[in-house]
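Heads up, coords10.cif below (mmCIF, C-alpha atoms):
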```
data_upload
loop_
_atom_site.label_atom_id
_atom_site.label_comp_id
_atom_site.auth_asym_id
_atom_site.auth_seq_id
_atom_site.Cartn_x
_atom_site.Cartn_y
_atom_site.Cartn_z
CA MET A 89 86.89 -75.44 4.45
CA ASN A 90 87.47 -79.16 5.01
CA SER A 91 83.94 -79.58 6.39
CA ILE A 92 82.50 -77.78 3.34
CA ASN A 93 84.45 -80.05 0.96
CA ILE A 94 83.27 -83.15 2.82
CA THR A 95 79.68 -81.91 2.66
CA MET A 96 79.98 -81.26 -1.07
CA LEU A 97 81.42 -84.73 -1.67
CA LYS A 98 78.56 -86.31 0.27
CA TYR A 99 76.08 -84.24 -1.77
CA ASP A 100 77.71 -85.38 -5.04
CA ASP A 101 77.57 -89.00 -3.93
CA ASP A 102 73.91 -88.70 -2.97
CA MET A 103 73.06 -87.12 -6.33
CA ASN A 104 74.93 -89.86 -8.18
CA ASN A 105 73.02 -92.51 -6.24
CA ILE A 106 69.71 -90.78 -7.03
CA ASN A 107 70.60 -90.55 -10.72
CA ASP A 108 71.54 -94.24 -10.81
CA LYS A 109 68.21 -95.16 -9.23
CA LEU A 110 66.33 -92.95 -11.68
CA GLU A 111 68.14 -94.58 -14.60
CA ASN A 112 67.16 -98.01 -13.31
CA ILE A 113 63.57 -96.88 -12.90
CA ASP A 114 63.54 -95.33 -16.38
CA GLU A 115 64.52 -98.66 -17.88
CA LYS A 116 61.37 -100.21 -16.41
CA MET A 117 59.07 -97.22 -16.95
CA VAL A 118 56.76 -96.90 -19.91
CA ASP A 119 57.68 -93.84 -21.97
CA SER A 120 54.78 -91.38 -21.69
CA ARG A 121 55.70 -89.92 -25.10
CA THR A 122 55.33 -93.27 -26.87
CA VAL A 123 52.70 -93.40 -29.60
CA VAL A 124 51.03 -96.79 -29.92
CA THR A 125 48.53 -98.33 -32.31
CA PRO A 126 45.67 -100.78 -31.55
CA GLY A 127 47.00 -104.22 -30.70
CA GLU A 128 50.52 -103.04 -29.91
CA VAL A 129 52.09 -104.37 -26.70
CA ILE A 130 52.82 -101.57 -24.25
CA THR A 131 54.57 -103.67 -21.61
CA ASP A 132 54.93 -107.34 -20.71
CA GLU A 133 55.92 -106.77 -17.09
CA ASP A 134 53.72 -107.79 -14.17
CA GLY A 135 52.26 -105.41 -11.61
CA TYR A 136 50.78 -102.79 -13.94
CA MET A 137 47.11 -101.82 -13.74
CA ARG A 138 45.18 -101.42 -16.99
CA GLY A 139 43.50 -98.06 -17.60
CA HIS A 140 41.44 -96.58 -20.43
CA GLY A 141 42.52 -97.59 -23.90
CA THR A 142 44.25 -100.81 -22.81
CA SER A 143 43.46 -104.51 -22.52
CA ALA A 144 45.25 -107.61 -21.25
CA GLU A 145 46.09 -110.40 -23.66
CA SER A 146 48.27 -113.27 -22.44
CA GLU A 147 49.45 -111.15 -19.48
CA ASP A 148 50.63 -108.37 -21.83
CA VAL A 149 49.15 -104.88 -21.62
CA GLN A 150 48.04 -103.96 -25.14
CA ALA A 151 46.63 -100.77 -26.61
CA THR A 152 43.06 -100.72 -27.92
CA VAL A 153 43.24 -97.21 -29.43
CA ALA A 154 45.86 -95.16 -31.24
CA GLY A 155 47.34 -92.53 -28.97
CA HIS A 156 49.94 -91.52 -26.39
CA VAL A 157 50.85 -93.77 -23.47
CA GLU A 158 50.40 -92.16 -20.07
CA ARG A 159 51.66 -93.69 -16.83
CA THR A 160 50.56 -92.72 -13.33
CA ASN A 161 52.47 -94.78 -10.79
CA ARG A 162 51.49 -98.35 -11.78
CA LEU A 163 48.48 -97.33 -13.89
CA ILE A 164 48.86 -97.37 -17.68
CA CYS A 165 46.37 -95.76 -20.02
CA VAL A 166 46.36 -94.56 -23.62
CA ARG A 167 45.13 -91.06 -24.45
CA PRO A 168 43.59 -91.10 -27.94
CA ILE A 169 45.13 -88.78 -30.50
CA SER A 170 41.69 -87.68 -31.70
CA ARG A 171 38.45 -88.20 -29.85
CA ARG A 172 34.96 -86.87 -29.48
CA TYR A 173 34.17 -83.97 -27.21
CA THR A 174 33.10 -85.19 -23.76
CA GLY A 175 32.07 -81.91 -22.14
CA GLU A 176 32.13 -80.38 -18.69
CA VAL A 177 29.53 -78.35 -16.84
CA GLY A 178 30.02 -74.67 -17.65
CA ASP A 179 31.62 -75.22 -21.06
CA VAL A 180 30.73 -72.75 -23.79
CA ILE A 181 29.82 -74.60 -26.99
CA VAL A 182 28.77 -73.82 -30.54
CA GLY A 183 26.33 -76.30 -32.05
CA ARG A 184 23.99 -76.89 -34.95
CA VAL A 185 20.32 -77.80 -34.63
CA VAL A 186 19.68 -81.16 -36.31
CA GLU A 187 16.22 -82.07 -34.97
CA VAL A 188 13.20 -80.38 -33.43
CA GLY A 189 11.47 -82.74 -30.99
CA GLN A 190 8.95 -82.63 -28.20
CA LYS A 191 9.87 -79.72 -25.92
CA ARG A 192 13.52 -80.02 -26.95
CA TRP A 193 15.99 -79.44 -29.75
CA LYS A 194 18.68 -81.94 -30.68
CA ILE A 195 22.03 -80.20 -31.13
CA ASP A 196 25.18 -81.48 -32.82
CA THR A 197 28.01 -80.50 -30.47
CA ASN A 198 30.75 -82.84 -31.76
CA SER A 199 30.11 -85.22 -28.86
CA ARG A 200 29.32 -88.93 -28.99
CA THR A 201 25.58 -88.30 -28.79
CA LEU A 202 23.35 -85.42 -29.79
CA SER A 203 22.93 -82.84 -27.03
CA ASN A 204 19.59 -81.65 -25.67
CA LEU A 205 18.37 -78.07 -25.50
CA MET A 206 15.11 -78.06 -23.60
CA LEU A 207 12.37 -75.54 -24.32
CA SER A 208 12.42 -74.57 -20.66
CA ALA A 209 16.17 -73.78 -20.89
CA VAL A 210 15.88 -70.93 -23.40
CA ASN A 211 14.76 -67.34 -23.10
CA LEU A 212 11.43 -66.64 -24.73
CA PRO A 213 11.25 -63.83 -27.30
CA GLY A 214 11.01 -60.53 -25.48
CA GLY A 215 12.56 -61.99 -22.33
CA GLU A 216 9.25 -63.16 -20.85
CA LEU A 217 9.53 -65.12 -17.61
CA ARG A 218 6.67 -67.63 -17.47
CA ARG A 219 5.92 -71.31 -17.75
CA ARG A 220 6.15 -72.80 -21.24
CA SER A 221 2.76 -73.59 -22.71
CA ALA A 222 1.50 -75.75 -25.55
CA GLU A 223 1.59 -72.70 -27.81
CA ASP A 224 5.29 -72.28 -27.13
CA GLU A 225 5.83 -75.90 -28.10
CA LEU A 226 4.01 -75.34 -31.38
CA MET A 227 6.19 -72.27 -32.06
CA MET A 228 9.49 -74.07 -31.46
CA ARG A 229 10.38 -74.30 -35.13
CA SER A 230 9.92 -70.54 -35.49
CA TYR A 231 12.48 -70.06 -32.72
CA LEU A 232 15.09 -72.56 -33.90
CA GLU A 233 14.92 -74.89 -36.88
CA GLU A 234 17.16 -77.48 -38.46
CA GLY A 235 20.47 -76.03 -39.62
CA ASP A 236 20.55 -73.06 -37.24
CA LEU A 237 23.77 -72.39 -35.35
CA ILE A 238 23.60 -71.53 -31.65
CA SER A 239 25.94 -70.73 -28.81
CA ALA A 240 25.07 -72.26 -25.45
CA GLU A 241 26.46 -73.44 -22.15
CA VAL A 242 26.59 -76.97 -20.74
CA GLN A 243 24.16 -77.13 -17.82
CA THR A 244 24.25 -80.80 -16.85
CA ILE A 245 25.64 -84.08 -18.15
CA TYR A 246 23.49 -87.22 -18.10
CA THR A 247 24.86 -90.60 -17.05
CA ASP A 248 25.15 -91.75 -20.68
CA GLY A 249 27.29 -88.71 -21.54
CA THR A 250 24.52 -86.69 -23.21
CA LEU A 251 24.93 -82.95 -22.67
CA CYS A 252 22.03 -80.78 -21.51
CA LEU A 253 22.42 -77.17 -22.68
CA HIS A 254 20.90 -73.83 -21.78
CA THR A 255 20.85 -70.34 -23.32
CA ARG A 256 19.51 -68.35 -20.34
CA SER A 257 21.82 -65.43 -21.02
CA LEU A 258 21.96 -62.62 -23.56
CA LYS A 259 25.44 -63.73 -24.62
CA TYR A 260 24.02 -67.07 -25.83
CA GLY A 261 21.43 -67.82 -28.47
CA LYS A 262 20.99 -68.01 -32.22
CA LEU A 263 24.02 -67.05 -34.33
CA GLY A 264 23.61 -64.97 -37.44
CA GLN A 265 25.84 -64.40 -40.45
CA GLY A 266 29.31 -65.86 -40.09
CA LEU A 267 31.63 -68.82 -40.60
CA LEU A 268 31.91 -72.09 -38.71
CA VAL A 269 35.37 -73.65 -38.35
CA LYS A 270 35.78 -77.14 -36.91
CA VAL A 271 39.03 -77.97 -35.08
CA PRO A 272 40.01 -80.70 -32.59
CA ALA A 273 38.35 -79.92 -29.27
CA ASN A 274 41.58 -80.37 -27.31
CA LEU A 275 43.14 -77.37 -29.08
CA VAL A 276 40.66 -74.88 -27.58
CA THR A 277 42.05 -73.60 -24.29
CA ARG A 278 39.55 -73.28 -21.45
CA ARG A 279 39.26 -69.65 -20.40
CA LYS A 280 36.87 -67.56 -18.35
CA THR A 281 35.57 -65.88 -21.51
CA HIS A 282 35.14 -67.57 -24.88
CA THR A 283 33.40 -64.77 -26.79
CA HIS A 284 35.76 -62.05 -27.99
CA ASN A 285 35.06 -58.88 -29.96
CA LEU A 286 38.24 -58.06 -31.87
CA THR A 287 39.38 -54.62 -32.97
CA CYS A 288 39.18 -55.67 -36.64
CA GLY A 289 35.39 -55.69 -36.39
CA ALA A 290 34.99 -59.46 -36.09
CA THR A 291 33.66 -61.56 -33.24
CA VAL A 292 34.98 -65.02 -32.44
CA ILE A 293 33.30 -67.63 -30.22
CA LEU A 294 35.75 -70.35 -29.23
CA GLY A 295 33.57 -73.34 -28.42
CA ASN A 296 35.08 -75.86 -26.04
CA ASN A 297 33.70 -78.55 -28.34
CA GLY A 298 36.00 -77.52 -31.19
CA PHE A 299 33.37 -75.52 -33.12
CA ILE A 300 34.55 -71.95 -33.67
CA TRP A 301 32.17 -69.30 -34.99
CA LEU A 302 33.43 -66.15 -36.70
CA GLY A 303 31.24 -63.24 -37.69
CA ALA A 304 30.74 -59.50 -37.63
CA THR A 305 30.63 -57.84 -34.22
CA PRO A 306 26.96 -57.20 -33.32
CA THR A 307 25.92 -53.61 -32.69
CA ASN A 308 23.82 -54.64 -29.68
CA GLU A 309 23.73 -57.79 -27.57
CA GLU A 310 20.18 -59.02 -27.94
CA GLY A 311 20.71 -62.76 -27.70
CA GLY A 312 17.82 -65.20 -27.83
CA PHE A 313 16.39 -65.81 -31.29
CA VAL A 314 17.04 -62.38 -32.86
CA GLN A 315 19.18 -62.72 -35.98
CA ASN A 316 20.88 -59.76 -37.65
CA ILE A 317 20.54 -60.03 -41.43
CA GLU A 318 21.85 -56.59 -42.34
CA PRO A 319 24.49 -56.53 -45.12
CA VAL A 320 28.08 -56.90 -43.92
CA SER A 321 30.69 -54.59 -45.41
CA GLN A 322 33.46 -56.01 -47.56
CA THR A 323 36.09 -54.89 -45.05
CA ILE A 324 34.48 -56.93 -42.28
CA ARG A 325 34.03 -59.93 -44.59
CA GLU A 326 37.71 -59.85 -45.50
CA ALA A 327 38.66 -59.59 -41.81
CA VAL A 328 36.48 -62.62 -40.98
CA CYS A 329 38.00 -64.62 -43.85
CA ARG A 330 41.53 -63.71 -42.79
CA LEU A 331 40.76 -64.65 -39.20
CA ARG A 332 39.29 -67.93 -40.41
CA ASN A 333 42.50 -68.80 -42.28
CA CYS A 334 44.54 -67.87 -39.20
CA VAL A 335 42.49 -70.33 -37.13
CA VAL A 336 43.01 -73.04 -39.75
CA ALA A 337 46.74 -72.33 -39.90
CA LEU A 338 47.14 -72.59 -36.13
CA ALA A 339 45.02 -75.73 -35.95
CA ASN A 340 47.05 -77.41 -38.71
CA GLN A 341 50.16 -76.81 -36.59
CA ASN A 342 48.44 -78.23 -33.46
CA SER A 343 48.69 -74.87 -31.71
CA PRO A 344 46.42 -74.07 -28.73
CA LEU A 345 43.66 -71.61 -29.57
CA TYR A 346 42.73 -68.68 -27.35
CA ASP A 347 42.13 -64.96 -27.78
CA THR A 348 45.72 -63.68 -27.47
CA ILE A 349 47.24 -66.07 -29.97
CA LEU A 350 44.44 -65.34 -32.45
CA ILE A 351 44.98 -61.58 -32.18
CA TYR A 352 48.74 -61.91 -32.68
CA SER A 353 48.38 -64.32 -35.59
CA TYR A 354 45.87 -61.99 -37.26
CA GLU A 355 48.24 -59.05 -36.91
CA GLU A 356 51.22 -61.05 -38.23
CA SER A 357 49.22 -62.39 -41.19
CA GLY A 358 49.17 -58.98 -42.88
CA ARG A 359 52.30 -59.84 -44.87
CA TRP A 360 50.33 -62.42 -46.89
CA SER A 361 47.11 -62.29 -48.81
CA ILE A 362 44.11 -64.18 -47.46
CA LYS A 363 44.59 -67.01 -49.96
CA GLU A 364 48.33 -67.32 -49.30
CA LEU A 365 47.62 -68.14 -45.64
CA LEU A 366 46.47 -71.60 -46.74
CA GLN A 367 49.95 -72.57 -47.97
CA PRO A 368 51.69 -74.94 -45.49
CA ALA A 369 54.99 -73.02 -45.58
CA ASN A 370 53.27 -69.75 -44.75
CA GLN A 371 51.30 -71.42 -41.95
CA LYS A 372 54.53 -72.59 -40.31
CA THR A 373 56.04 -69.13 -40.64
CA LEU A 374 52.90 -67.55 -39.19
CA LEU A 375 53.04 -69.83 -36.16
CA SER A 376 56.74 -69.02 -35.62
CA LEU A 377 56.08 -65.28 -35.74
CA THR A 378 53.11 -65.61 -33.41
CA MET A 379 55.02 -67.69 -30.85
CA HIS A 380 57.92 -65.21 -31.02
CA ARG A 381 55.55 -62.39 -30.06
CA LEU A 382 54.18 -64.45 -27.21
CA ASP A 383 57.71 -65.17 -25.97
CA MET A 384 58.59 -61.50 -26.19
CA GLU A 385 55.53 -60.63 -24.10
CA MET A 386 56.35 -63.25 -21.47
CA SER A 387 59.96 -62.12 -21.14
#
```
Mind converting the file's structure to structure tokens?
Amino acid sequence: MNSINITMLKYDDDMNNINDKLENIDEKMVDSRTVVTPGEVITDEDGYMRGHGTSAESEDVQATVAGHVERTNRLICVRPISRRYTGEVGDVIVGRVVEVGQKRWKIDTNSRTLSNLMLSAVNLPGGELRRRSAEDELMMRSYLEEGDLISAEVQTIYTDGTLCLHTRSLKYGKLGQGLLVKVPANLVTRRKTHTHNLTCGATVILGNNGFIWLGATPTNEEGGFVQNIEPVSQTIREAVCRLRNCVVALANQNSPLYDTILIYSYEESGRWSIKELLQPANQKTLLSLTMHRLDMEMS
């Protein structure tokens, strides 16, 4: 028993020494939860390396953007609160055609520059597999024109940050009747699948670039440039509108967006009308109910 007590005393002393050291370190550390504004001094101590979003003025590390301070060992950087979508290879995006050029379409994907969708990176009508000809180039505007919404995948990223897209799959292509909701790109959680057909009759495409498309579930997956213009029933339209307001409510509360949380929020939103979901108090309550269901599932 005496040996156990001695061991426990030594353990308590070691833990106290570790805590004292951590407290001393914490006094010198930059708080990673600190929010800074441009020009604000982050630290005036020597030995820190400057990362993204910082600059050195008179030996002080200052912020050049508004955001959260992040510290990795002796490296200090500032993560912007809101920023443009940068993109990664394999990301699923929703974009809008803004320009038809020579053998390419220019797509707005919420990034710093317009993205490229090459003529050779799309499926021809009918699924033909052949080289693109001059006739195909002349027919580009009949495939996609300015204002059209598309779903695509990031194929490559150029050195200047421009994204190169492709739609060589039936799950990508021109989007038909529906709604486009724009949210911060960092709220969309990266998952294996970003296109979800919900039981309410609506389909949601969660673009990694922060563009979310909501519409009626297609009867067949044709992809490409085929657009369904059949009338949508009032029940489906109401479901899409309710789902849209659920997305807005979650985004206003800075909640991550993925399929499970959207399904739960849609089911919990039945206690309000579609219009009442836009009230801030109801949005907070909706998020609380949704997170409670998620916690119940995890436990």
Checklist entry - Got a sec to resolve the PyMOL selection byres ((chain A and resi 228-233) around 10) on this structure and send the residues as a list of chain:residue names? => result A:Arg184, A:Val185, A:Val186, A:Glu187, A:Val188, A:Gly189, A:Gln190, A:Lys191, A:Arg192, A:Trp193, A:Leu207, A:Val210, A:Leu212, A:Pro213, A:Glu223, A:Asp224, A:Glu225, A:Leu226, A:Met227, A:Glu234, A:Gly235, A:Asp236, A:Leu237, A:Ile238, A:Gly261, A:Lys262, A:Gly312, A:Phe313, A:Val314
Checklist entry - Near region 360-376 of chain A, counting all atoms listed in the file, which residues have an atom at most 9 Å away, once you skip same-chain residues fewer than 5 positions from it, shown as a ChimeraX atom specification? => result /A:326,329-331,333-334,336-338,340-341,343,353,381
Checklist entry - So which residues get picked by the PyMOL selection byres ((chain A and resi 159-170) around 6) here, written as a list in words? => result Tyr136, Met137, Arg138, Gly139, His140, Gly141, Ala154, Gly155, His156, Val157, Glu158 and Arg171 of chain A
Checklist entry - Contacts of Ala151 (chain A) at 9 Å or less, counting only C-alpha atoms, minus same-chain residues fewer than 6 places along, as a count of residues only? => result 14
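Residue nearest Glu241 (chain A) within the list A:Glu133, A:Glu145, A:Glu176, A:Glu355: A:Glu176 [criterion: smallest interatomic distance, all atoms listed in the file].
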Next on the checklist: If I take CA of Arg325 (chain A) and CA of Pro344 (chain A), how far is one from the other in Å, to one decimal?
Outcome noted: 24.6 Å
Checklist entry - Which distance in Å separates CA of Val177 (chain A) and CA of Cys252 (chain A), to one decimal? => result 9.2 Å
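Among the candidate residues A:Lys194, A:Arg200, A:Arg219, A:His380, the one lying nearest to Asn297 (chain A) is A:Arg200, with distances computed using all atoms listed in the file.
Take CA of Tyr346 (chain A) and CA of Asn285 (chain A): the distance between them is 12.7 Å.
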Checklist entry - Excluding same-chain residues fewer than 5 positions from Asn296 (chain A), what lies within 12 Å of it counting only C-alpha atoms, as a PyMOL selection string? => result chain A and resi 172-183+197-199+239-242+270-283+301+344-346
Next on the checklist: Could you list, as a PyMOL selection string, every residue matched by the PyMOL selection byres ((chain A and resi 209) around 7) in this structure?
Outcome noted: chain A and resi 205-208+210-211+254-256
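Considering all atoms listed in the file, the residue among A:Ala339, A:Val269, A:Ile349, A:Val153 positioned nearest to Val123 (chain A) is A:Val153.
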As AutoDock Vina command-line options: centre and edge lengths in Å, one decimal, of the axis-aligned box holding region 236-249 of chain A with 4 Å per side:
```
--center_x 23.9 --center_y -81.2 --center_z -27.0 --size_x 14.7 --size_y 29.0 --size_z 28.4
```
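Residue nearest Leu253 (chain A), chosen from A:Cys288, A:Ile195, A:Met379, A:Val335 and counting only C-alpha atoms: A:Ile195.
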